[in-house]
Amino acid sequence: MTAAEDRLGPTIFERSRPGRGGGKVPHPPADALARIPAGHLRAAGPRLPEVSEPELARHYTKLSQLNYAVDTGFYPLGSCTMKYNPKIDEWAARLPGFTALHPLVPDELSQGTLQLLWELEGALAEIGGMKAVTLQPAAGAQGELTGILMVRAYHHSRGDLERCEVLVPDSAHGTNPATASMAGFTTVSIPSAPDGGVDVEAFRAALGPRTAAVMITNPSTLGLFESRLCELLDAVHEAGALAYMDGANLNAIMGRFKPGEAGFDVMHINVHKTFSTPHGGGGPGAGPVGVGEKLLPFLPSPRVLRGADGRFRLEAPGERPTSIGRMRAFAGNTGVLVRAYAYIRANGGSGLREVSEDAVLAANYLKARVADLLDVPYSRPCMHEFVASSATLKTQTGIRTLDVAKRLIDYGFHPPTVYFPLTVEEALLIEPTETESIETLDLFVDALRSIVAEAHANPDLLHSAPHGSPVRRLDETAAARQPNLRWRAMTGSQTPCPD
Amino acid sequence: MAYGPHTIQDRARMLQAIGVASVDDLFADIPPSLRSSGLDLPAPEPESVLAARLTALADLNRVDLISFLGAGAYRHFTPAVVDQLLLRGEFYTAYTPYQPEISQGTLQSIYEYQSLMAELTGLDVVSASHYDGATATAEGALMACRATRRERVLVGRGVHPHYRETLCTYFGGASLVADEIPLVADGPAAGTTDLVALERQLSDADRPVAGVVVANPSFLGLLEPMAEIGRLAHAAGALFVSVVEPVSLAVLATPGEYGADIAAGDGQPLGIPLSYGGPYLGILACREPLVRQIPGRLVGMTTDVDGRRAFVMTLRAREQDIRREKASSNICTNQALCALAATIYLGALGPHGLRDVAALGAARAGELERALAAVGAPRLHPGPYLNEFAVAVRGAPAVHARLVDRGILAGLPLARLVPDDPSLADALLVCATEVNTPAEIAAFAAALGDELARGEGTR
């Protein structure tokens, strides 16, 4: 067995031995379930694993060590804003006053959390230039759905039932068209202009009485500020449609550009990007949505309100009949929002502006240095991220972006986002964020330089990369052809409780 | 900036390498008319000051009451090992495992989570997680519509009111119809799903039903005739969507056993704190034939080029980044870390421990039932329950408020969540779990008895 094989280890199910574990909660009386008719009970107990706490702790600690994470290294994953996650935010979210609070307590018992949420709404509204913010959405995509459902409610409230299309540039995140479909709209994809920005004429041609909304990511997924935004927003509003801003890239523009002021009617914010709440290996995040005047009546319920006496409360059921309704069971991903609140207070207004400045500075620095090594299709200043491409490298050496990305793993870096946006051939979307030191950025450039040299001298090394990771390239085709989505040979609970 | 590493010299070096004089030059693409005036937000706060502010805010919440409140979010003991392991930065500061070679920790833990939930629900396929129980239920209902190509679901009034509202929000967007199945008004089945009404609703040939959505235990804590409901649904060509609470599945019949096609629920009771409503864990599971309809990420087992066992996200052609407008859902970010919490929790409890949690809750609830009945607050419904039930209390909202003043959170006045059901106007929904002690039950009963006696006295 090689060292790498050893690192992978068995599943928790293979570690199970009858009789291990226990000691966490008291045993119930023997007749605890006697009052429940047998037909309502399960035939046999679930075969959960039986492991001792030391084995459990070691199992998940070892698993954690197979991950690459912001805490272990540079993670320039474009469009994901993998910045450092402050430890005080983790500490704050775990304060018992926050964690032990039930979502259905009377408002008089939840004043601390309600105040925090109310203040956070205000701060996000200020950052986005919006009239109000809802904190309900659990993630960016749910924020998009919330926003587009409000757009739908707005048009319907005006008796305007013909608007069934949402226009989305072809460089958009996949969530935009998927959201439009979920909200009952047809997506119309608009090609980008040659400079990577929105093609205003193409939009004009598509806009009309059937257009409900236009969804724009700004800065775009190419990391460029949409310089023709004024014309585009004018055209959208002339057509009677609303303008949605995908705020995934807000990290570039805090204190420099407020979407609401510029004329966007609605936007979502990914707090797990800009406001540094951790990604958790895929979630939880939170996707607050800001709205302008037009969509104010349609915000999801319940909103957090502050009374004249300074006390906070949740809106009562049915208090605002124009609301699109509830997006989830309870107030929001509050534990995540506590982290975002702490981050915003730590930075303050001046600090957030500096966050964006440093994020843009780092991206432009890296772009200037990477331009010697790879194609950089858009030469104007980028925002917080930039697109590079291995197109020339591929022509010269046969090495693709995927190979470069996998080889970066051997150099100790997380690869950038690859093959996105779809509009750039062999794309690498690189987002350094503001929390990486210049030394780290330089090391990343050094690694890329070595990899480009390897591509010419020893391309097989790249084709077969990574070499040093816990596993190497995976057979994704086999995984999809005969999906194995669960461990079937469970053995737990085959014997009675040992004590 | 609080968390940035750049010195003045670093910034100067970077500007020089870029070839611009100042950072303002990098923002030149923003049209002058759109440049904002800056941020009207408080000044930066040093960590020591911020820590005090956060502590003060947390202390404004009252979490010291004796609580019998459940209603969709449950207090349980969480072994210390769960949160200690969640604090591993390698887990919580990683992104979605798009690069499987360096994400095996997250991927294997999701595979373990899927396996554990499949075992609890008795179904085959479990998504890597959804936002919460309400959105998982809505997605389950949407799945039923896609799979049957029908546009109407029936949702039992025993499903949590907030879940029903969320489902309606989701359905409104998609122009789908969600009709309610009433509850039985009286008799031995009072409070459970009305099977006669359900059969009638299913028989409308002009409005075929895609799915029947019923919760077990119901929002009122009652155990539903799930097998009968499933038979009725299937006879009409509809799918059966079961809304479940995962701890109860240690002892209650599983969706797989009673013939559900899809199960949805909230995994919060599995080691996830209440945190005023989130982050929680949306569980969504289904039978094998529906695997290509399930939304959200799935992790599968495969091998790497050296033949080593490994895990990877799979069947991705369902997802938004591949299929765009044709995806099964727009979900991207999910609740992965909460799924990890549930996975570690189940590992820490084991099969016997989880059964003990469920059965001890049932035992405590039985004690609570007897204690409350003894002071004049009998159960509202006669049918079987696990650990949550409604009790009849005249003027329940006012009594509830007075008990809060006495340090007792007497569950939930049902009038607050179900204002449109007069039969629940004078009722409290109460819940007991393994963390409720006999002393707490006695204190609650004594205080309630006191309040009820006072009410009698003033009448």
# chains A, B, ... in the order shown; residues from 1 in each chain; ligands from 1
>>> residues_around(residues="Met301 (chain B)", least_positions_apart="5", cutoff="7 Å", atoms="only C-alpha atoms", output="list in words")
Ala479, Asn484 and Leu485 of chain A; Ala310, Phe311 and Val312 of chain B
>>> write_last_selection(atoms="N, CA and C atoms", output="mmCIF file, in the first residue's frame")
data_model
loop_
_atom_site.group_PDB
_atom_site.id
_atom_site.type_symbol
_atom_site.label_atom_id
_atom_site.label_comp_id
_atom_site.auth_asym_id
_atom_site.auth_seq_id
_atom_site.Cartn_x
_atom_site.Cartn_y
_atom_site.Cartn_z
ATOM 1 N N ALA A 479 -18.451 6.772 -12.798
ATOM 2 C CA ALA A 479 -19.292 7.222 -11.682
ATOM 3 C C ALA A 479 -20.705 7.511 -12.160
ATOM 4 N N ASN A 484 -22.998 4.819 -7.863
ATOM 5 C CA ASN A 484 -22.956 4.242 -6.523
ATOM 6 C C ASN A 484 -23.047 5.416 -5.564
ATOM 7 N N LEU A 485 -24.269 5.670 -5.076
ATOM 8 C CA LEU A 485 -24.528 6.886 -4.317
ATOM 9 C C LEU A 485 -24.694 6.640 -2.828
ATOM 10 N N ALA B 310 -12.378 6.321 -4.854
ATOM 11 C CA ALA B 310 -12.441 7.769 -4.645
ATOM 12 C C ALA B 310 -13.871 8.223 -4.881
ATOM 13 N N PHE B 311 -14.132 9.460 -4.520
ATOM 14 C CA PHE B 311 -15.494 9.986 -4.607
ATOM 15 C C PHE B 311 -15.517 11.237 -5.478
ATOM 16 N N VAL B 312 -16.651 11.450 -6.144
ATOM 17 C CA VAL B 312 -16.737 12.572 -7.082
ATOM 18 C C VAL B 312 -18.196 13.002 -7.216
#
>>> select_by_dssp(residues="region 228-266 of chain A", states="alpha helix (DSSP H)", output="MDAnalysis selection string")
chainID A and resid 229:238 259:262
>>> write_last_selection(atoms="C-alpha atoms", output="CSV table (one decimal), in the first residue's frame")
chain,number,residue,atom,x,y,z
A,229,LEU,CA,-24.3,50.1,-18.2
A,230,CYS,CA,-26.1,53.5,-18.4
A,231,GLU,CA,-27.3,52.8,-22.0
A,232,LEU,CA,-28.3,49.3,-21.1
A,233,LEU,CA,-30.3,50.2,-18.0
A,234,ASP,CA,-32.0,53.0,-19.9
A,235,ALA,CA,-33.0,50.6,-22.6
A,236,VAL,CA,-34.3,48.1,-20.1
A,237,HIS,CA,-36.5,50.6,-18.3
A,238,GLU,CA,-37.7,52.1,-21.6
A,259,PRO,CA,-26.2,49.1,-8.1
A,260,GLY,CA,-29.3,50.6,-6.7
A,261,GLU,CA,-28.1,54.2,-7.3
A,262,ALA,CA,-27.2,53.3,-10.8
>>> atom_distance(atom1="CA of Leu295 (chain A)", atom2="CA of Thr134 (chain A)")
11.5 Å
>>> closest_residue(among="A:Gly287, A:Pro209, A:Pro278, A:Gly223", to="chain B", atoms="only C-alpha atoms")
A:Pro278
>>> residues_around(residues="Glu119 (chain B)", least_positions_apart="5", cutoff="10 Å", atoms="only C-alpha atoms", output="number ranges by chain")
A: 45-48, 486-488, 490; B: 113-114, 124, 126, 249-250, 254, 256
>>> residues_around(residues="Glu354 (chain A)", least_positions_apart="6", cutoff="9 Å", atoms="only C-alpha atoms", output="compact mmCIF listing (two decimals) with N, CA and C atoms, in the first residue's frame")
# COMPACT_ATOMS: atom_id res chain seq x y z
N MET A 254 -17.32 47.69 -3.73
CA MET A 254 -17.87 48.32 -2.52
C MET A 254 -17.31 49.73 -2.34
N GLY A 255 -18.23 50.66 -2.15
CA GLY A 255 -17.82 52.05 -1.95
C GLY A 255 -17.48 52.77 -3.23
N ASN A 347 -14.73 45.72 9.52
CA ASN A 347 -14.14 46.53 8.44
C ASN A 347 -14.65 47.97 8.44
N GLU A 434 -8.44 39.95 -1.72
CA GLU A 434 -7.61 40.96 -1.05
C GLU A 434 -6.82 40.41 0.13
N MET B 1 -7.76 48.06 6.61
CA MET B 1 -8.63 46.89 6.43
C MET B 1 -8.26 45.81 7.44
>>> residues_around(residues="region 44-46 of chain B", least_positions_apart="6", cutoff="10 Å", atoms="only C-alpha atoms", output="PyMOL selection string")
(chain A and resi 342-352) or (chain B and resi 1-2+53)
>>> write_last_selection(atoms="N, CA and C atoms", output="CSV table (one decimal), in the first residue's frame")
chain,number,residue,atom,x,y,z
A,342,ALA,N,-20.5,40.5,11.7
A,342,ALA,CA,-19.2,40.7,12.4
A,342,ALA,C,-18.2,41.2,11.4
A,343,TYR,N,-18.2,40.7,10.2
A,343,TYR,CA,-17.2,41.1,9.2
A,343,TYR,C,-17.4,42.5,8.8
A,344,ILE,N,-18.7,42.9,8.6
A,344,ILE,CA,-18.9,44.3,8.2
A,344,ILE,C,-18.6,45.3,9.3
A,345,ARG,N,-18.9,44.9,10.5
A,345,ARG,CA,-18.5,45.8,11.6
A,345,ARG,C,-17.0,45.9,11.8
A,346,ALA,N,-16.3,44.8,11.6
A,346,ALA,CA,-14.8,44.8,11.8
A,346,ALA,C,-14.2,45.8,10.7
A,347,ASN,N,-14.7,45.7,9.5
A,347,ASN,CA,-14.1,46.5,8.4
A,347,ASN,C,-14.7,48.0,8.4
A,348,GLY,N,-15.9,48.1,8.8
A,348,GLY,CA,-16.5,49.5,8.7
A,348,GLY,C,-16.6,49.9,7.3
A,349,GLY,N,-17.2,51.1,7.1
A,349,GLY,CA,-17.4,51.6,5.7
A,349,GLY,C,-16.0,51.8,5.0
A,350,SER,N,-15.1,52.4,5.7
A,350,SER,CA,-13.8,52.7,5.0
A,350,SER,C,-13.0,51.4,4.7
A,351,GLY,N,-13.2,50.4,5.6
A,351,GLY,CA,-12.5,49.1,5.4
A,351,GLY,C,-13.1,48.4,4.3
A,352,LEU,N,-14.4,48.4,4.1
A,352,LEU,CA,-15.0,47.7,3.0
A,352,LEU,C,-14.5,48.3,1.6
B,1,MET,N,-7.8,48.1,6.6
B,1,MET,CA,-8.6,46.9,6.4
B,1,MET,C,-8.3,45.8,7.4
B,2,ALA,N,-9.3,45.2,8.0
B,2,ALA,CA,-9.1,44.3,9.1
B,2,ALA,C,-8.3,43.1,8.8
B,53,ARG,N,-19.3,43.9,21.5
B,53,ARG,CA,-20.6,44.3,20.9
B,53,ARG,C,-21.4,43.0,20.6
>>> residues_around(residues="Ala132 (chain A)", least_positions_apart="3", cutoff="8 Å", atoms="only C-alpha atoms", output="NGL selection string")
:A and (121-122 or 125 or 290-292 or 296)
>>> atom_distance(atom1="CA of Gly78 (chain A)", atom2="CA of Gly282 (chain A)")
15.2 Å
>>> residues_around(residues="region 56-70 of chain A", least_positions_apart="2", cutoff="8 Å", atoms="only C-alpha atoms", output="ChimeraX atom specification")
/A:7-8,12,51-54,72-75,82-85,414,470 /B:81,85,88-95,102-106,108-109,344,347-348
>>> write_last_selection(atoms="N, CA and C atoms", output="tab-separated table (two decimals), in the first residue's frame")
chain	number	residue	atom	x	y	z
A	7	ARG	N	-3.64	7.31	3.07
A	7	ARG	CA	-4.29	8.56	3.46
A	7	ARG	C	-5.79	8.49	3.25
A	8	LEU	N	-6.26	7.71	2.28
A	8	LEU	CA	-7.68	7.72	1.97
A	8	LEU	C	-8.51	7.02	3.04
A	12	ILE	N	-16.71	5.40	7.21
A	12	ILE	CA	-17.16	5.25	8.60
A	12	ILE	C	-17.88	3.91	8.78
A	51	VAL	N	-19.11	3.29	16.25
A	51	VAL	CA	-17.69	3.62	16.40
A	51	VAL	C	-17.47	4.33	17.73
A	52	SER	N	-16.27	4.18	18.26
A	52	SER	CA	-15.93	4.89	19.50
A	52	SER	C	-15.61	6.34	19.16
A	53	GLU	N	-15.69	7.22	20.16
A	53	GLU	CA	-15.40	8.63	19.88
A	53	GLU	C	-13.98	8.86	19.37
A	54	PRO	N	-12.96	8.18	19.93
A	54	PRO	CA	-11.61	8.40	19.36
A	54	PRO	C	-11.53	8.04	17.87
A	72	THR	N	-5.65	26.38	4.40
A	72	THR	CA	-4.41	25.69	4.09
A	72	THR	C	-3.64	26.30	2.92
A	73	GLY	N	-4.29	27.14	2.12
A	73	GLY	CA	-3.51	27.72	1.03
A	73	GLY	C	-4.30	28.61	0.09
A	74	PHE	N	-3.61	29.08	-0.93
A	74	PHE	CA	-4.14	30.05	-1.90
A	74	PHE	C	-5.21	29.38	-2.76
A	75	TYR	N	-6.34	30.06	-2.93
A	75	TYR	CA	-7.54	29.44	-3.51
A	75	TYR	C	-8.13	30.41	-4.53
A	82	MET	N	-12.79	33.38	-2.67
A	82	MET	CA	-12.31	32.55	-1.55
A	82	MET	C	-11.32	33.34	-0.71
A	83	LYS	N	-11.84	34.34	0.01
A	83	LYS	CA	-10.99	35.12	0.89
A	83	LYS	C	-10.90	34.47	2.26
A	84	TYR	N	-10.00	34.97	3.06
A	84	TYR	CA	-9.83	34.46	4.42
A	84	TYR	C	-11.11	34.68	5.23
A	85	ASN	N	-11.46	33.70	6.05
A	85	ASN	CA	-12.65	33.79	6.91
A	85	ASN	C	-12.22	34.05	8.35
A	414	HIS	N	-4.69	25.75	-5.10
A	414	HIS	CA	-5.97	25.36	-5.65
A	414	HIS	C	-6.08	25.96	-7.04
A	470	PRO	N	-4.08	13.34	-2.76
A	470	PRO	CA	-4.53	12.07	-2.15
A	470	PRO	C	-5.04	11.06	-3.17
B	81	VAL	N	-18.07	16.44	20.36
B	81	VAL	CA	-17.20	16.06	19.25
B	81	VAL	C	-17.71	16.64	17.91
B	85	LEU	N	-15.16	19.02	15.57
B	85	LEU	CA	-14.70	18.59	14.24
B	85	LEU	C	-15.15	19.56	13.16
B	88	ARG	N	-12.72	22.30	12.08
B	88	ARG	CA	-11.55	22.07	11.23
B	88	ARG	C	-11.64	23.01	10.02
B	89	GLY	N	-10.67	23.90	9.91
B	89	GLY	CA	-10.66	24.84	8.79
B	89	GLY	C	-10.65	24.13	7.44
B	90	GLU	N	-10.07	22.92	7.41
B	90	GLU	CA	-10.03	22.19	6.14
B	90	GLU	C	-11.43	21.84	5.65
B	91	PHE	N	-12.37	21.70	6.60
B	91	PHE	CA	-13.76	21.47	6.19
B	91	PHE	C	-14.47	22.79	5.90
B	92	TYR	N	-14.43	23.71	6.86
B	92	TYR	CA	-15.37	24.83	6.72
B	92	TYR	C	-14.85	25.95	5.82
B	93	THR	N	-13.56	25.97	5.51
B	93	THR	CA	-13.10	27.01	4.57
B	93	THR	C	-12.81	26.44	3.18
B	94	ALA	N	-13.33	25.27	2.88
B	94	ALA	CA	-13.19	24.72	1.52
B	94	ALA	C	-14.41	25.09	0.69
B	95	TYR	N	-14.22	25.13	-0.62
B	95	TYR	CA	-15.35	25.41	-1.51
B	95	TYR	C	-16.01	24.08	-1.90
B	102	ILE	N	-8.41	17.11	-4.60
B	102	ILE	CA	-8.04	17.76	-3.35
B	102	ILE	C	-9.28	18.09	-2.52
B	103	SER	N	-10.34	17.30	-2.71
B	103	SER	CA	-11.59	17.51	-1.96
B	103	SER	C	-12.15	16.19	-1.47
B	104	GLN	N	-11.31	15.18	-1.33
B	104	GLN	CA	-11.84	13.87	-0.95
B	104	GLN	C	-12.46	13.87	0.44
B	105	GLY	N	-12.00	14.77	1.30
B	105	GLY	CA	-12.59	14.82	2.64
B	105	GLY	C	-14.05	15.21	2.58
B	106	THR	N	-14.33	16.31	1.87
B	106	THR	CA	-15.72	16.75	1.71
B	106	THR	C	-16.51	15.70	0.95
B	108	GLN	N	-16.07	12.40	0.50
B	108	GLN	CA	-16.38	11.17	1.22
B	108	GLN	C	-17.41	11.43	2.32
B	109	SER	N	-17.30	12.58	2.98
B	109	SER	CA	-18.26	12.86	4.05
B	109	SER	C	-19.67	13.04	3.47
B	344	ILE	N	-21.56	13.51	11.44
B	344	ILE	CA	-20.75	13.27	12.64
B	344	ILE	C	-21.67	12.97	13.83
B	347	GLY	N	-22.71	9.47	13.68
B	347	GLY	CA	-21.58	8.62	14.04
B	347	GLY	C	-21.36	8.61	15.55
B	348	ALA	N	-21.55	9.78	16.18
B	348	ALA	CA	-21.33	9.89	17.63
B	348	ALA	C	-22.43	9.17	18.41
>>> closest_residue(among="A:Phe257, A:Phe203, A:Phe275, A:Tyr378", to="chain B", atoms="only C-alpha atoms")
A:Phe257
>>> closest_residue(among="B:Asp266, B:Val399, B:Asp405, B:Pro384", to="Ala342 (chain B)", atoms="only C-alpha atoms")
B:Asp266
>>> select_by_dssp(residues="region 97-257 of chain A", states="strand (DSSP E or B)", output="number ranges by chain")
A: 132-134, 165-169, 186-190, 211-217, 242-247, 257
>>> closest_residue(among="A:Arg17, A:Arg42, A:Arg407, A:His268", to="chain B", atoms="only C-alpha atoms")
A:Arg42
>>> closest_residue(among="A:Met215, A:Ala286, A:Val198, A:Val304", to="Gln142 (chain A)", atoms="only C-alpha atoms")
A:Ala286
>>> closest_residue(among="B:Ala205, B:Ala253, B:Leu167, B:Ala52", to="chain A", atoms="only C-alpha atoms")
B:Ala253
>>> atom_distance(atom1="CA of Phe420 (chain A)", atom2="CA of Thr221 (chain A)")
8.2 Å
